[in-house]
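S.K.: So that you have it, the file is coords.txt, and it contains compact mmCIF, C-alpha atoms:
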```txt
# COMPACT_ATOMS: atom_id res chain seq x y z
CA MET I 1 7.55 -20.36 -0.15
CA TYR I 2 3.90 -19.43 -0.44
CA SER I 3 2.37 -21.94 -2.88
CA ASP I 4 0.59 -20.89 -6.06
CA VAL I 5 -2.49 -22.84 -4.91
CA ARG I 6 -2.64 -20.87 -1.65
CA LEU I 7 -2.04 -17.60 -3.55
CA GLU I 8 -5.01 -18.37 -5.79
CA GLU I 9 -7.10 -19.08 -2.67
CA VAL I 10 -6.19 -15.64 -1.30
CA LYS I 11 -7.04 -13.94 -4.60
CA SER I 12 -10.33 -15.78 -4.81
CA GLY I 13 -11.14 -14.86 -1.20
CA LEU I 14 -10.37 -11.20 -1.93
CA ARG I 15 -12.76 -11.20 -4.89
CA ARG I 16 -15.53 -12.90 -2.86
CA ALA I 17 -15.18 -10.51 0.12
CA PHE I 18 -15.10 -7.36 -2.05
CA ALA I 19 -18.09 -5.20 -3.01
CA TRP I 20 -18.76 -2.07 -5.01
CA ARG I 21 -21.21 0.18 -3.13
CA GLY I 22 -23.65 2.57 -4.71
CA ASP I 23 -24.50 3.01 -8.36
CA ARG I 24 -21.63 3.38 -10.86
CA THR I 25 -23.18 6.65 -12.05
CA ASP I 26 -23.27 7.99 -8.47
CA GLU I 27 -20.40 10.22 -7.31
CA ASN I 28 -20.51 8.35 -3.99
CA TRP I 29 -19.86 4.97 -5.64
CA TYR I 30 -16.92 3.33 -3.90
CA ALA I 31 -14.91 0.15 -3.39
CA ASP I 32 -15.76 -1.57 -0.11
CA VAL I 33 -12.81 -3.63 1.14
CA THR I 34 -14.05 -4.01 4.72
CA GLY I 35 -14.98 -7.65 4.06
CA TRP I 36 -11.27 -8.43 3.70
CA TRP I 37 -10.57 -7.55 7.33
CA ARG I 38 -13.45 -9.63 8.74
CA ARG I 39 -12.27 -13.00 7.43
CA PRO I 40 -9.40 -14.29 9.60
CA GLU I 41 -8.22 -16.88 7.05
CA LEU I 42 -8.01 -14.16 4.39
CA LEU I 43 -6.29 -11.74 6.74
CA ALA I 44 -3.76 -14.44 7.67
CA GLY I 45 -2.99 -15.04 4.00
CA LEU I 46 -2.58 -11.41 2.98
CA GLY I 47 0.82 -10.84 4.60
CA PRO I 48 2.51 -13.83 2.96
CA ALA I 49 0.74 -13.20 -0.37
CA LEU I 50 1.89 -9.56 -0.53
CA ALA I 51 5.39 -10.51 0.65
CA ARG I 52 5.57 -13.09 -2.13
CA LEU I 53 5.33 -10.24 -4.67
CA PHE I 54 8.77 -9.10 -3.49
CA ALA I 55 10.35 -12.42 -2.53
CA ASP I 56 13.14 -11.62 -5.02
CA ARG I 57 13.93 -8.32 -3.25
CA PRO I 58 13.39 -8.68 0.52
CA PRO I 59 13.16 -5.40 2.44
CA THR I 60 14.78 -4.36 5.68
CA VAL I 61 11.75 -2.21 6.55
CA VAL I 62 8.12 -1.97 5.42
CA LEU I 63 6.30 1.37 5.11
CA GLY I 64 2.51 1.65 5.19
CA PRO I 65 0.25 4.70 5.12
CA GLU I 66 -2.50 5.34 7.64
CA ALA I 67 -5.08 3.46 7.64
CA SER I 68 -5.10 0.24 5.58
CA GLY I 69 -1.34 0.31 5.06
CA CYS I 70 -1.00 0.18 8.84
CA LEU I 71 -3.03 -3.01 8.88
CA LEU I 72 -1.34 -4.75 5.94
CA GLY I 73 2.20 -3.45 6.39
CA PRO I 74 2.84 -5.20 9.72
CA LEU I 75 1.53 -8.48 8.25
CA VAL I 76 4.09 -8.23 5.44
CA ALA I 77 6.84 -7.07 7.81
CA LEU I 78 6.25 -10.08 10.06
CA HIS I 79 6.52 -12.41 7.08
CA PHE I 80 9.91 -10.90 6.18
CA GLY I 81 11.04 -10.69 9.82
CA VAL I 82 11.61 -6.93 9.61
CA GLY I 83 10.15 -3.82 11.21
CA PHE I 84 7.30 -1.57 10.15
CA VAL I 85 7.10 2.24 9.87
CA GLU I 86 3.78 4.06 9.75
CA VAL I 87 3.52 6.84 7.15
CA CYS I 88 1.43 9.45 8.93
CA LYS I 89 -1.08 11.61 7.06
CA ASN I 90 -1.79 15.26 7.75
CA ARG I 91 -0.15 15.36 11.16
CA GLY I 92 0.24 18.86 12.49
CA THR I 93 3.61 20.23 13.39
CA PRO I 94 5.27 17.54 15.51
CA VAL I 95 5.65 18.54 19.15
CA ASP I 96 8.25 15.87 19.87
CA SER I 97 11.97 16.39 19.50
CA ASP I 98 12.39 13.81 16.72
CA ALA I 99 13.11 15.12 13.26
CA TRP I 100 10.49 14.20 10.67
CA LEU I 101 10.74 13.67 6.95
CA ARG I 102 7.66 15.17 5.29
CA ARG I 103 6.33 15.71 1.80
CA THR I 104 3.02 16.71 0.21
CA THR I 105 1.25 14.52 -2.33
CA PRO I 106 0.00 15.59 -5.72
CA PRO I 107 -3.83 15.58 -5.91
CA ASP I 108 -5.29 12.17 -5.06
CA TYR I 109 -8.42 10.55 -6.47
CA GLN I 110 -10.51 12.99 -4.39
CA ASP I 111 -8.38 15.98 -5.49
CA ARG I 112 -6.82 16.33 -2.01
CA HIS I 113 -3.22 17.11 -1.18
CA LEU I 114 -1.99 15.13 1.83
CA SER I 115 1.05 15.77 3.99
CA LEU I 116 2.85 12.45 4.55
CA GLY I 117 5.77 11.75 6.81
CA PHE I 118 7.62 9.59 9.31
CA ARG I 119 10.33 10.05 11.93
CA ARG I 120 13.71 10.41 10.26
CA ARG I 121 15.45 7.99 12.64
CA LEU I 122 13.18 5.08 11.60
CA VAL I 123 14.52 4.75 8.03
CA GLY I 124 18.20 5.04 7.21
CA SER I 125 20.73 4.82 4.41
CA GLY I 126 21.21 1.05 4.74
CA ASP I 127 17.50 0.27 4.47
CA ARG I 128 15.70 -1.40 1.58
CA VAL I 129 12.14 -0.08 1.73
CA LEU I 130 8.93 -1.80 0.65
CA PHE I 131 5.72 0.27 0.60
CA VAL I 132 2.50 -1.69 1.32
CA ASP I 133 -1.13 -0.58 0.88
CA ASP I 134 -4.48 -2.04 -0.04
CA TRP I 135 -5.23 0.02 -3.17
CA ILE I 136 -3.26 2.18 -5.60
CA GLU I 137 -5.19 4.45 -7.93
CA THR I 138 -3.16 7.58 -8.72
CA GLY I 139 0.15 6.54 -7.16
CA GLY I 140 0.42 9.84 -5.28
CA GLN I 141 0.99 8.37 -1.81
CA ALA I 142 3.43 5.77 -3.12
CA HIS I 143 5.26 8.48 -5.08
CA VAL I 144 5.66 10.59 -1.94
CA ALA I 145 6.77 7.53 0.06
CA HIS I 146 9.36 6.96 -2.67
CA LEU I 147 10.58 10.56 -2.31
CA LEU I 148 10.68 10.22 1.49
CA THR I 149 12.73 7.04 1.05
CA GLN I 150 15.17 8.98 -1.10
CA ASP I 151 15.23 11.78 1.49
CA ALA I 152 16.25 9.14 4.07
CA GLU I 153 18.97 7.95 1.64
CA ALA I 154 17.41 4.48 1.67
CA THR I 155 16.72 2.19 -1.30
CA TRP I 156 13.20 1.98 -2.72
CA LEU I 157 12.20 -1.59 -3.67
CA GLY I 158 8.65 -0.88 -4.76
CA ALA I 159 5.01 -0.97 -3.74
CA ALA I 160 3.08 -4.14 -2.89
CA THR I 161 -0.67 -3.58 -3.10
CA VAL I 162 -3.75 -5.72 -2.98
CA VAL I 163 -5.42 -3.88 -5.90
CA ASP I 164 -3.81 -2.03 -8.79
CA ALA I 165 -6.19 0.58 -10.23
CA LEU I 166 -3.47 2.67 -11.91
CA ASP I 167 -4.18 4.03 -15.37
CA SER I 168 -0.53 4.77 -16.04
CA ALA I 169 1.91 2.02 -16.93
CA ARG I 170 4.69 4.62 -16.56
CA VAL I 171 3.76 5.22 -12.90
CA ARG I 172 3.51 1.44 -12.32
CA ARG I 173 7.02 0.92 -13.71
CA HIS I 174 8.55 3.95 -11.97
CA LEU I 175 7.23 2.88 -8.56
CA ASN I 176 7.71 -0.86 -9.25
CA VAL I 177 4.11 -1.62 -8.29
CA ARG I 178 3.27 -5.30 -7.86
CA SER I 179 -0.28 -6.26 -6.95
CA LEU I 180 -2.35 -9.31 -6.14
CA LEU I 181 -5.28 -8.14 -8.28
CA HIS I 182 -6.02 -5.58 -10.95
CA VAL I 183 -9.18 -3.53 -10.51
CA ARG I 184 -10.63 -5.22 -13.64
CA GLU I 185 -10.64 -8.52 -11.71
CA LEU I 186 -13.08 -7.21 -9.09
```
Rewrite the structure of this file - the entire thing - as structure tokens.

M.R.:
Amino acid sequence: MYSDVRLEEVKSGLRRAFAWRGDRTDENWYADVTGWWRRPELLAGLGPALARLFADRPPTVVLGPEASGCLLGPLVALHFGVGFVEVCKNRGTPVDSDAWLRRTTPPDYQDRHLSLGFRRRLVGSGDRVLFVDDWIETGGQAHVAHLLTQDAEATWLGAATVVDALDSARVRRHLNVRSLLHVREL
């Protein structure tokens, strides 16, 4: 089991390596998480720390969206000893023969609609699915991953994220979001 002391070290390291960039009144103000990926001790602790959030409900597969979810998801999957499936964004019409499950997100924090999907054969009816990403703000990508999980007739366990920036407690409950930090802690 990942100790509470070590978990607090990871959370503290996340806060130290994080930065807001720009002026809060600037439309280009953003959260800079790149410092998280540069520190090997922090990176090594992220997989077990995120997995700990769902220790009571271990998955059979971990989903993660392009880009940061593809970094964090495999770390969590390795901790659980299960596989990882990339959730692709805005891929054109697949030219391969594999069938794809695809859905479109509601508007995200930048008012974009994204097409998300994965190969149908990678998630099946016996799977228990955990979605992993670095940040959740609107819940749109996690919501679509949840719908894709249902389309695959698999069981949705929830979403493990580093930062929870959701405004809606209803969305948090519906998606079973569990996070290491809340945006107010940064």

S.K.: Using all atoms listed in the file, find each residue of region 40-155 of chain I with at least one atom at most 9 Å away from an atom of region 5-11 of chain I; report its shortest atom-to-atom pair and that distance in Å (one decimal), sort the rows by chain and rising residue number, and return the result as CSV.

M.R.:
```
residue,atom,partner,partner_atom,distance
I:Glu41,CA,I:Val10,CA,8.7
I:Leu42,CA,I:Val10,CA,6.2
I:Leu43,CA,I:Val10,CA,8.9
I:Gly45,CA,I:Val10,CA,6.2
I:Leu46,CA,I:Val10,CA,7.0
I:Pro48,CA,I:Leu7,CA,8.8
I:Ala49,CA,I:Leu7,CA,6.1
I:Arg52,CA,I:Leu7,CA,9.0
```

S.K.: Mind dumping the selected residues with C-alpha atoms as a CSV table (one decimal), keeping the file's coordinate frame?

M.R.:
```
chain,number,residue,atom,x,y,z
I,41,GLU,CA,-8.2,-16.9,7.0
I,42,LEU,CA,-8.0,-14.2,4.4
I,43,LEU,CA,-6.3,-11.7,6.7
I,45,GLY,CA,-3.0,-15.0,4.0
I,46,LEU,CA,-2.6,-11.4,3.0
I,48,PRO,CA,2.5,-13.8,3.0
I,49,ALA,CA,0.7,-13.2,-0.4
I,52,ARG,CA,5.6,-13.1,-2.1
```

S.K.: Which of these residues is nearest to Val163 (chain I), using only C-alpha atoms: I:Ile136, I:Arg120, I:Asn176, I:Gln150?

M.R.: I:Ile136

S.K.: Tell me which of I:Asp164, I:Glu66, I:Glu137, I:Asp127 sits closest to Ala152 (chain I), counting all atoms listed in the file.

M.R.: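 When distances to Ala152 (chain I) are compared using all atoms listed in the file, the smallest one comes from I:Asp127.
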
S.K.: Identify, on the basis of only C-alpha atoms, every residue whose closest approach to Asp134 (chain I) does not exceed 12 Å; exclude the query and any residue fewer than 3 positions from it along the same chain; express the result as an MDAnalysis selection string.

M.R.: chainID I and resid 14 31:34 36:37 43 46:47 50 64:73 76 131 137 141:142 159:165 177:183

S.K.: Take the residues from that selection and put them in a file with C-alpha atoms, as a PDB file, keeping the file's coordinate frame.

M.R.:
```pdb
ATOM      1  CA  LEU I  14     -10.370 -11.200  -1.930  1.00  0.00           C
ATOM      2  CA  ALA I  31     -14.910   0.150  -3.390  1.00  0.00           C
ATOM      3  CA  ASP I  32     -15.760  -1.570  -0.110  1.00  0.00           C
ATOM      4  CA  VAL I  33     -12.810  -3.630   1.140  1.00  0.00           C
ATOM      5  CA  THR I  34     -14.050  -4.010   4.720  1.00  0.00           C
ATOM      6  CA  TRP I  36     -11.270  -8.430   3.700  1.00  0.00           C
ATOM      7  CA  TRP I  37     -10.570  -7.550   7.330  1.00  0.00           C
ATOM      8  CA  LEU I  43      -6.290 -11.740   6.740  1.00  0.00           C
ATOM      9  CA  LEU I  46      -2.580 -11.410   2.980  1.00  0.00           C
ATOM     10  CA  GLY I  47       0.820 -10.840   4.600  1.00  0.00           C
ATOM     11  CA  LEU I  50       1.890  -9.560  -0.530  1.00  0.00           C
ATOM     12  CA  GLY I  64       2.510   1.650   5.190  1.00  0.00           C
ATOM     13  CA  PRO I  65       0.250   4.700   5.120  1.00  0.00           C
ATOM     14  CA  GLU I  66      -2.500   5.340   7.640  1.00  0.00           C
ATOM     15  CA  ALA I  67      -5.080   3.460   7.640  1.00  0.00           C
ATOM     16  CA  SER I  68      -5.100   0.240   5.580  1.00  0.00           C
ATOM     17  CA  GLY I  69      -1.340   0.310   5.060  1.00  0.00           C
ATOM     18  CA  CYS I  70      -1.000   0.180   8.840  1.00  0.00           C
ATOM     19  CA  LEU I  71      -3.030  -3.010   8.880  1.00  0.00           C
ATOM     20  CA  LEU I  72      -1.340  -4.750   5.940  1.00  0.00           C
ATOM     21  CA  GLY I  73       2.200  -3.450   6.390  1.00  0.00           C
ATOM     22  CA  VAL I  76       4.090  -8.230   5.440  1.00  0.00           C
ATOM     23  CA  PHE I 131       5.720   0.270   0.600  1.00  0.00           C
ATOM     24  CA  GLU I 137      -5.190   4.450  -7.930  1.00  0.00           C
ATOM     25  CA  GLN I 141       0.990   8.370  -1.810  1.00  0.00           C
ATOM     26  CA  ALA I 142       3.430   5.770  -3.120  1.00  0.00           C
ATOM     27  CA  ALA I 159       5.010  -0.970  -3.740  1.00  0.00           C
ATOM     28  CA  ALA I 160       3.080  -4.140  -2.890  1.00  0.00           C
ATOM     29  CA  THR I 161      -0.670  -3.580  -3.100  1.00  0.00           C
ATOM     30  CA  VAL I 162      -3.750  -5.720  -2.980  1.00  0.00           C
ATOM     31  CA  VAL I 163      -5.420  -3.880  -5.900  1.00  0.00           C
ATOM     32  CA  ASP I 164      -3.810  -2.030  -8.790  1.00  0.00           C
ATOM     33  CA  ALA I 165      -6.190   0.580 -10.230  1.00  0.00           C
ATOM     34  CA  VAL I 177       4.110  -1.620  -8.290  1.00  0.00           C
ATOM     35  CA  ARG I 178       3.270  -5.300  -7.860  1.00  0.00           C
ATOM     36  CA  SER I 179      -0.280  -6.260  -6.950  1.00  0.00           C
ATOM     37  CA  LEU I 180      -2.350  -9.310  -6.140  1.00  0.00           C
ATOM     38  CA  LEU I 181      -5.280  -8.140  -8.280  1.00  0.00           C
ATOM     39  CA  HIS I 182      -6.020  -5.580 -10.950  1.00  0.00           C
ATOM     40  CA  VAL I 183      -9.180  -3.530 -10.510  1.00  0.00           C
TER      41      VAL I 183
END
```

S.K.: Here is a test: counting all atoms listed in the file, which residue of I:Glu185, I:His79, I:Gly139, I:Arg15 is nearest to Tyr109 (chain I)?

M.R.: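 Result for the nearest residue to Tyr109 (chain I): I:Gly139.
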
S.K.: List the spatial neighbours of Val123 (chain I) as a PyMOL selection string - criterion: any atom at most 8 Å away, all atoms listed in the file, same-chain residues fewer than 6 positions off excluded.

M.R.: chain I and resi 61+149+152+154

S.K.: Within 10 Å of Asp151 (chain I), counting all atoms listed in the file, which residues qualify if same-chain residues fewer than 5 places away don't, as a list in words?

M.R.: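 The neighbour list is Leu101, Arg102, Arg103, Arg120, Val123, Gly124, Ser125, Ala145 and His146 of chain I.
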
S.K.: Smallest atom-to-atom distance to Phe84 (chain I): which of I:Trp100, I:Pro106, I:Val129, I:Leu116, using only C-alpha atoms?

M.R.: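 Of I:Trp100, I:Pro106, I:Val129, I:Leu116, the one nearest Phe84 (chain I) is I:Val129, counting only C-alpha atoms.
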
S.K.: Go through I:Arg184, I:Arg57, I:Arg121, I:Arg172 one by one, measure the shortest atom-to-atom distance of each to Ala99 (chain I) using only C-alpha atoms, and give the residue with the smallest value.

M.R.: I:Arg121

S.K.: Find the distance between CA of Leu175 (chain I) and CA of Gly158 (chain I) and write it in Å to one decimal.

M.R.: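 Separation between CA of Leu175 (chain I) and CA of Gly158 (chain I): 5.5 Å.
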
S.K.: Ranking I:Ala19, I:Leu157, I:Leu166, I:Leu122 by minimum distance to Asp108 (chain I) and counting all atoms listed in the file, which one comes first?

M.R.: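 Of I:Ala19, I:Leu157, I:Leu166, I:Leu122, the one nearest Asp108 (chain I), counting all atoms listed in the file, is I:Leu166.
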
S.K.: To one decimal place, how far is CA of Val85 (chain I) from CA of Thr60 (chain I) in Å?

M.R.: 11.0 Å

S.K.: Just the number, please: distance in Å from CA of Asp26 (chain I) to CA of Leu114 (chain I), one decimal.

M.R.: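 Interatomic distance, CA of Asp26 (chain I) to CA of Leu114 (chain I): 24.7 Å.
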